[in-house]
Amino acid sequence: MLTSNAFAAASTGSPFYGSPPDDHHAWAIHDQNRPQPIRITPGTLSSADKPGQPPSDAIVLFDGTHASLAKWESDPKNGVAGPTQWIVNEGAMECVPKSGYVRTKDQFGDCQLHIEWAAPKTVKGDSQGRGNSGIFLMGLVEIQVLDNYDNPTYADGFAASVYGVNPPMANALRPPGKYQMIDIVFRRPVYKGGKVLDPGYVTVFCNGVLVQDHTPLEGPTGHMKRTVAGPLPEKGPLKLQDHGNPVRFRNIWYRPLPPRTVEGNTDGWLSKEAAVAKRRETAATLRSNAAQLATDSDPQMFRLAESLVYDKDSATLRKVEQLAGQFANRMKALSSADRANKKDEITFGLKAFQYLTTAEIVPAGFGPKKTLEQIVQTEGWDKEKKK
Ligand code: MG
């Protein structure tokens, strides 16, 4: 139920509604002050023949053109990077065997990454020798690229494995020559003072099938040796592997992800300090908003009351008590006919004051609440059926 009321003009509903913010949550349940999600235009899905369109906020790393190949460079083990020797072939970036890995000039960390790859149509080699390449997140964590359509290998080296760490949960591959649609959600590890706050995770979909489910990272992946979890750099390039096979890639884009709660996002379950800080910030915004409204008006009183839900500031509390008392007495002094005209305001006020009581922002015996309850009883509004 949302109450449409002039007193709640800054929001689309009543601010006095769901469970209030608490020690570990900066927002109330159904909080009207919580920011709206940012609008973007979604892309289109790829088909076997045609790559789709990235969403509007994606950073495109390769779109099939030579121009976008310039966003990549060679990745020499030693020495200086130069232009990549990989080629553009039929709208794809194709590995030229023995030319070396490639990497993006762009560096990034947490992301949603979309990438499509196709193993050579002509099947050659077996196990790790057939259509091998790799998607190296931050240049360090390999999501394996391998033609495993009909080609067994060690499970932790399978296509869409976190290489050497975790096999995919299914083999959802298309035949060689066909494009595989890979979608990855990557979260780097977060450490503070040598303590792990979040080990970092990778989630992978292969052709729309979930194959890595929030798999914890175990450091940079490697060959033969067990790796150890630890901090990674802030960002790194995306690298693609030259494993001696002419694997093709197309439609490569990513979206940087917002920080997690442990990095300062205020949407989740927070530490007490973080919750208090965000609640104070919201209260300050509401108070500055209240200062724009007519002095000592009812809307100003309700806006200030709303701020108390986030931060129980004593000067604001005294002001609200004073103005709420005046509001209730003014309603009490009205004739029954005039009260009927003010029914929305009175019931809104009652709900607000009941909310402040329940949230223990004002005492249980809050005078203005009692006054409004009496009015509602006298007018018989409490006996009306709820719409
Ligand atoms: Mg590989």
# chains A, B, ... in the order shown; residues from 1 in each chain; ligands from 1
>>> residues_around(residues="Pro120 in chain A", least_positions_apart="6", cutoff="9 Å", atoms="only C-alpha atoms", output="list in words")
Arg130, Gly131, Asp147, Pro176, Gly177, Lys178, Asn245, Pro246, Val247 and Arg248 of chain A
>>> write_last_selection(atoms="N, CA and C atoms", output="tab-separated table (two decimals), in the first residue's frame")
chain	number	residue	atom	x	y	z
A	130	ARG	N	43.67	-29.00	-28.43
A	130	ARG	CA	42.62	-28.76	-29.43
A	130	ARG	C	41.87	-27.44	-29.15
A	131	GLY	N	42.14	-26.47	-29.97
A	131	GLY	CA	41.40	-25.19	-29.85
A	131	GLY	C	41.62	-24.51	-28.52
A	147	ASP	N	38.45	-26.50	-27.11
A	147	ASP	CA	37.42	-27.27	-27.82
A	147	ASP	C	37.22	-28.61	-27.11
A	176	PRO	N	32.90	-27.32	-32.67
A	176	PRO	CA	33.96	-26.44	-33.14
A	176	PRO	C	33.51	-25.66	-34.38
A	177	GLY	N	33.97	-24.41	-34.48
A	177	GLY	CA	33.54	-23.57	-35.60
A	177	GLY	C	32.36	-22.69	-35.21
A	178	LYS	N	31.57	-23.14	-34.21
A	178	LYS	CA	30.41	-22.35	-33.74
A	178	LYS	C	30.87	-21.46	-32.58
A	245	ASN	N	46.79	-22.25	-31.27
A	245	ASN	CA	45.62	-22.59	-32.09
A	245	ASN	C	44.92	-21.31	-32.56
A	246	PRO	N	44.46	-21.30	-33.83
A	246	PRO	CA	43.82	-20.07	-34.35
A	246	PRO	C	42.38	-19.90	-33.85
A	247	VAL	N	42.23	-19.69	-32.56
A	247	VAL	CA	40.91	-19.50	-31.96
A	247	VAL	C	40.43	-18.09	-32.27
A	248	ARG	N	39.10	-17.95	-32.50
A	248	ARG	CA	38.53	-16.63	-32.83
A	248	ARG	C	37.71	-16.09	-31.66
>>> residues_near_ligand(ligand="ligand 1", cutoff="8 Å", atoms="only C-alpha atoms and all ligand atoms", output="PDB file with C-alpha atoms, in the first residue's frame")
ATOM      1  CA  GLN A 128      44.727 -29.460 -24.173  1.00  0.00           C
ATOM      2  CA  ASN A 132      43.151 -23.930 -26.755  1.00  0.00           C
ATOM      3  CA  SER A 133      43.182 -20.287 -25.726  1.00  0.00           C
ATOM      4  CA  GLY A 134      42.181 -18.542 -22.508  1.00  0.00           C
ATOM      5  CA  ILE A 135      40.411 -15.535 -21.095  1.00  0.00           C
ATOM      6  CA  GLU A 142      42.233 -17.879 -16.606  1.00  0.00           C
ATOM      7  CA  ILE A 143      38.792 -18.968 -17.680  1.00  0.00           C
ATOM      8  CA  GLN A 144      39.751 -21.758 -20.047  1.00  0.00           C
ATOM      9  CA  VAL A 145      38.990 -21.675 -23.746  1.00  0.00           C
ATOM     10  CA  LEU A 146      39.242 -25.164 -25.257  1.00  0.00           C
ATOM     11  CA  GLY A 157      41.352 -27.632 -17.466  1.00  0.00           C
ATOM     12  CA  TYR A 163      41.968 -23.196 -14.876  1.00  0.00           C
ATOM     13  CA  GLN A 241      46.067 -16.617 -24.742  1.00  0.00           C
ATOM     14  CA  ASP A 242      48.084 -17.801 -27.692  1.00  0.00           C
ATOM     15  CA  HIS A 243      48.265 -21.555 -27.116  1.00  0.00           C
TER      16      HIS A 243
END
>>> closest_residue(among="A:Ser68, A:Pro35, A:Tyr154, A:Pro15", to="Met224 in chain A", atoms="only C-alpha atoms")
A:Tyr154
>>> residues_around(residues="range 299-315 of chain A", least_positions_apart="5", cutoff="10 Å", atoms="only C-alpha atoms", output="PyMOL selection string")
chain A and resi 6-10+14-16+20-22+26-28+275-294+320-324+327+348-349+352-353+355-356+359-362
>>> write_last_selection(atoms="N, CA and C atoms", output="CSV table (one decimal), in the first residue's frame")
chain,number,residue,atom,x,y,z
A,6,ALA,N,0.0,14.9,-0.3
A,6,ALA,CA,0.8,16.1,-0.5
A,6,ALA,C,2.0,16.2,0.5
A,7,PHE,N,1.8,15.6,1.7
A,7,PHE,CA,2.8,15.7,2.7
A,7,PHE,C,4.0,14.8,2.4
A,8,ALA,N,3.8,13.9,1.4
A,8,ALA,CA,4.9,13.1,1.1
A,8,ALA,C,5.4,13.5,-0.3
A,9,ALA,N,5.4,14.8,-0.6
A,9,ALA,CA,5.7,15.3,-2.0
A,9,ALA,C,7.0,14.8,-2.5
A,10,ALA,N,8.1,14.7,-1.7
A,10,ALA,CA,9.4,14.4,-2.2
A,10,ALA,C,9.5,12.9,-2.7
A,14,SER,N,4.5,7.0,1.3
A,14,SER,CA,4.8,7.5,2.6
A,14,SER,C,6.1,7.1,3.1
A,15,PRO,N,6.9,8.1,3.7
A,15,PRO,CA,8.2,7.7,4.2
A,15,PRO,C,8.0,6.9,5.5
A,16,PHE,N,6.8,6.9,6.1
A,16,PHE,CA,6.6,6.3,7.4
A,16,PHE,C,5.9,4.9,7.1
A,20,PRO,N,12.1,0.5,10.0
A,20,PRO,CA,13.1,1.6,9.8
A,20,PRO,C,14.5,1.1,9.7
A,21,PRO,N,15.5,2.0,9.3
A,21,PRO,CA,16.9,1.6,9.3
A,21,PRO,C,17.3,1.2,10.7
A,22,ASP,N,18.3,0.3,10.7
A,22,ASP,CA,18.8,-0.2,12.0
A,22,ASP,C,20.3,-0.1,12.1
A,26,ALA,N,21.3,0.9,6.4
A,26,ALA,CA,21.2,2.4,6.2
A,26,ALA,C,19.8,2.8,5.7
A,27,TRP,N,19.0,1.8,5.2
A,27,TRP,CA,17.8,2.1,4.6
A,27,TRP,C,16.6,1.4,5.3
A,28,ALA,N,15.4,2.1,5.3
A,28,ALA,CA,14.2,1.4,5.8
A,28,ALA,C,13.8,0.4,4.7
A,275,ALA,N,26.8,2.0,8.7
A,275,ALA,CA,25.3,2.3,8.7
A,275,ALA,C,25.0,3.6,9.3
A,276,VAL,N,25.7,4.0,10.4
A,276,VAL,CA,25.4,5.3,11.1
A,276,VAL,C,25.9,6.4,10.2
A,277,ALA,N,27.0,6.2,9.5
A,277,ALA,CA,27.5,7.3,8.6
A,277,ALA,C,26.5,7.6,7.5
A,278,LYS,N,26.0,6.5,6.9
A,278,LYS,CA,25.1,6.7,5.7
A,278,LYS,C,23.8,7.2,6.2
A,279,ARG,N,23.3,6.8,7.4
A,279,ARG,CA,22.1,7.3,7.9
A,279,ARG,C,22.2,8.8,8.2
A,280,ARG,N,23.3,9.2,8.7
A,280,ARG,CA,23.5,10.6,9.0
A,280,ARG,C,23.5,11.4,7.7
A,281,GLU,N,24.1,10.9,6.7
A,281,GLU,CA,24.2,11.6,5.4
A,281,GLU,C,22.8,11.8,4.9
A,282,THR,N,21.9,10.7,4.9
A,282,THR,CA,20.5,10.8,4.4
A,282,THR,C,19.8,11.8,5.3
A,283,ALA,N,19.9,11.8,6.6
A,283,ALA,CA,19.3,12.7,7.5
A,283,ALA,C,19.6,14.1,7.1
A,284,ALA,N,20.9,14.4,6.9
A,284,ALA,CA,21.4,15.7,6.5
A,284,ALA,C,20.8,16.2,5.2
A,285,THR,N,20.6,15.3,4.3
A,285,THR,CA,20.0,15.7,3.0
A,285,THR,C,18.5,16.1,3.2
A,286,LEU,N,17.8,15.3,4.1
A,286,LEU,CA,16.4,15.6,4.4
A,286,LEU,C,16.3,16.9,5.1
A,287,ARG,N,17.2,17.2,6.0
A,287,ARG,CA,17.1,18.4,6.8
A,287,ARG,C,17.4,19.6,5.9
A,288,SER,N,18.3,19.5,5.0
A,288,SER,CA,18.6,20.6,4.1
A,288,SER,C,17.4,20.8,3.1
A,289,ASN,N,16.8,19.6,2.8
A,289,ASN,CA,15.5,19.7,2.0
A,289,ASN,C,14.4,20.4,2.8
A,290,ALA,N,14.3,20.1,4.0
A,290,ALA,CA,13.3,20.7,4.9
A,290,ALA,C,13.5,22.2,5.0
A,291,ALA,N,14.7,22.6,5.0
A,291,ALA,CA,15.1,24.0,5.1
A,291,ALA,C,14.5,24.8,3.9
A,292,GLN,N,14.3,24.2,2.8
A,292,GLN,CA,13.8,24.8,1.6
A,292,GLN,C,12.3,25.0,1.7
A,293,LEU,N,11.6,24.3,2.6
A,293,LEU,CA,10.1,24.3,2.7
A,293,LEU,C,9.7,25.5,3.6
A,294,ALA,N,8.5,25.9,3.6
A,294,ALA,CA,8.0,27.0,4.4
A,294,ALA,C,8.3,26.8,5.8
A,320,VAL,N,10.4,19.0,16.0
A,320,VAL,CA,9.3,18.1,15.5
A,320,VAL,C,8.3,18.0,16.6
A,321,GLU,N,8.7,17.8,17.9
A,321,GLU,CA,7.7,17.7,19.0
A,321,GLU,C,6.9,18.9,19.0
A,322,GLN,N,7.5,20.1,18.9
A,322,GLN,CA,6.8,21.4,19.0
A,322,GLN,C,5.8,21.5,17.8
A,323,LEU,N,6.3,21.3,16.6
A,323,LEU,CA,5.5,21.5,15.4
A,323,LEU,C,4.4,20.4,15.4
A,324,ALA,N,4.7,19.2,15.8
A,324,ALA,CA,3.6,18.2,15.8
A,324,ALA,C,2.5,18.5,16.7
A,327,PHE,N,0.4,21.1,15.1
A,327,PHE,CA,-0.4,20.4,14.1
A,327,PHE,C,-1.6,19.7,14.7
A,348,PHE,N,-2.6,10.8,7.7
A,348,PHE,CA,-1.2,10.7,7.4
A,348,PHE,C,-0.4,11.1,8.6
A,349,GLY,N,-0.8,12.1,9.3
A,349,GLY,CA,-0.1,12.5,10.5
A,349,GLY,C,-0.1,11.4,11.6
A,352,ALA,N,2.3,8.7,10.6
A,352,ALA,CA,3.6,9.2,10.9
A,352,ALA,C,4.0,9.1,12.4
A,353,PHE,N,3.1,9.6,13.2
A,353,PHE,CA,3.4,9.7,14.6
A,353,PHE,C,3.4,8.2,15.2
A,355,TYR,N,4.3,5.7,13.6
A,355,TYR,CA,5.6,5.1,13.1
A,355,TYR,C,6.7,5.5,14.0
A,356,LEU,N,6.7,6.9,14.3
A,356,LEU,CA,7.8,7.4,15.2
A,356,LEU,C,7.8,6.7,16.6
A,359,ALA,N,9.1,3.1,16.2
A,359,ALA,CA,10.5,3.1,16.0
A,359,ALA,C,11.3,3.7,17.2
A,360,GLU,N,10.5,4.0,18.3
A,360,GLU,CA,11.1,4.5,19.5
A,360,GLU,C,11.9,5.8,19.3
A,361,ILE,N,11.4,6.6,18.4
A,361,ILE,CA,12.0,7.9,18.1
A,361,ILE,C,11.3,8.9,19.0
A,362,VAL,N,10.0,8.8,19.3
A,362,VAL,CA,9.3,9.6,20.3
A,362,VAL,C,8.8,8.6,21.3
>>> select_by_dssp(residues="range 150-257 of chain A", states="strand (DSSP E)", output="NGL selection string")
:A and (180-187 or 190-192 or 195-198 or 201-206 or 209-216 or 236-240 or 248-256)
>>> residues_around(residues="Ala340 in chain A", least_positions_apart="3", cutoff="12 Å", atoms="only C-alpha atoms", output="list in words")
Met331, Lys332, Leu334, Ser335, Ser336, Ala337, Lys343, Asp344, Glu345, Ile346, Thr347, Ile375, Val376, Thr378, Glu379, Gly380 and Trp381 of chain A
>>> select_by_dssp(residues="range 183-365 of chain A", states="alpha helix (DSSP H)", output="count of residues only")
74
>>> residues_around(residues="Pro42 in chain A", least_positions_apart="6", cutoff="9 Å", atoms="only C-alpha atoms", output="list in words")
Gln53, Pro54, Pro55, Ser56 and Asp57 of chain A
>>> write_last_selection(atoms="C-alpha atoms", output="short mmCIF file (atom, residue, chain, number, x, y, z; two decimals), in the first residue's frame")
data_model
loop_
_atom_site.label_atom_id
_atom_site.label_comp_id
_atom_site.auth_asym_id
_atom_site.auth_seq_id
_atom_site.Cartn_x
_atom_site.Cartn_y
_atom_site.Cartn_z
CA GLN A 53 24.51 -5.41 -29.41
CA PRO A 54 26.16 -4.56 -26.08
CA PRO A 55 24.11 -2.70 -23.45
CA SER A 56 24.40 1.10 -23.56
CA ASP A 57 26.77 1.37 -20.60
#
>>> closest_residue(among="A:Lys342, A:Arg255, A:Lys239, A:Arg260", to="Leu197 in chain A", atoms="only C-alpha atoms")
A:Arg260
